[in-house]
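**Student:** Take a look at this one; I'll ask things after.
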Amino acid sequence: MNKVQKVSEAIVKQGVLPLYFNADENVTIEILRAIYRGGIRAVEYTNRGDEAFANFTKMIEVRNAEMPDMLLGIGTIKNIDQAKQYFNAGADFFISPGFVPEVAAFLISNNVLYSPGCMTPTDIIAAENVGVTFIKLFPGNVLGPGFMSAIKDVFPKLLFMPTGGVDTTQESIESWFNAGVSAVGMGSKLISKKLMQDKDYNTIELETQKVLALVESIKQR
């Protein structure tokens, strides 16, 4: 199994991909530990602040020492320089808010999973034609499960994951899986700003366990 398949299968098996950013290195690391204890084995750290790269480098260090089975992905990659920077740092997979052809070419040539954000069939076709296999539907709250249902049959070989607006409720998650997605991306609905501000790592761990159990129950129906 190549690395792209390994990462894809890990995210699909997990069914939910947590994503977060925090400027504080210690908070970043403690959240990583909390979701790991909660059962997460693949996570997206978003490249959304000046501290992101230094924090991600520390995450790699802690992962290697404490949780070698955790896959660390980087999100909000918008250009080739960012992609190369995080590739050299050891990111396991890459996610963008939109489709960036030069990023796709670089990562695919290096056998690294790249999941671009797509909002239209044109976006998805462009990504598929260069070898992308895992599509991020973004923003999910604008597109909705109906969009997924409408396009699913046109792209039978692709995996889809909505990000943005996916709630931690059974109704929200179930509607997406019923529409045909393989996983759901979940940011502030799971790891909220308040939980981060309060440094409430125990609740983050418990909420992570609940969501994983809910997704598993939905997938088994």
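In the structure tokens, chains take letters A, B, ... by order of appearance, with residues numbered from 1 within each chain and ligands from 1 in the order shown.
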Could you pull out the strand (DSSP E or B) residues of range 93-215 of chain A, going by DSSP on the backbone, and write them as an MDAnalysis selection string?
**Tutor:** chainID A and resid 93:95 113:115 117:118 134:137 159:163 184:186
**Student:** Go through range 70-188 of chain A and flag each residue having an atom no more than 9 Å from range 20-38 of chain A; for those, report the closest pair of atoms plus their distance in Å to one decimal, using only C-alpha atoms, ordered by chain and rising number, as JSON lines.
**Tutor:**
{"residue": "A:Met70", "atom": "CA", "partner": "A:Tyr36", "partner_atom": "CA", "distance": 7.6}
{"residue": "A:Met186", "atom": "CA", "partner": "A:Tyr20", "partner_atom": "CA", "distance": 8.6}
{"residue": "A:Gly187", "atom": "CA", "partner": "A:Tyr20", "partner_atom": "CA", "distance": 5.7}
{"residue": "A:Ser188", "atom": "CA", "partner": "A:Tyr20", "partner_atom": "CA", "distance": 7.3}
**Student:** Quick one: of A:Phe99, A:Trp176, A:Phe53, A:Tyr86, who's nearest to Ile125 in chain A, counting only C-alpha atoms?
**Tutor:** A:Phe99
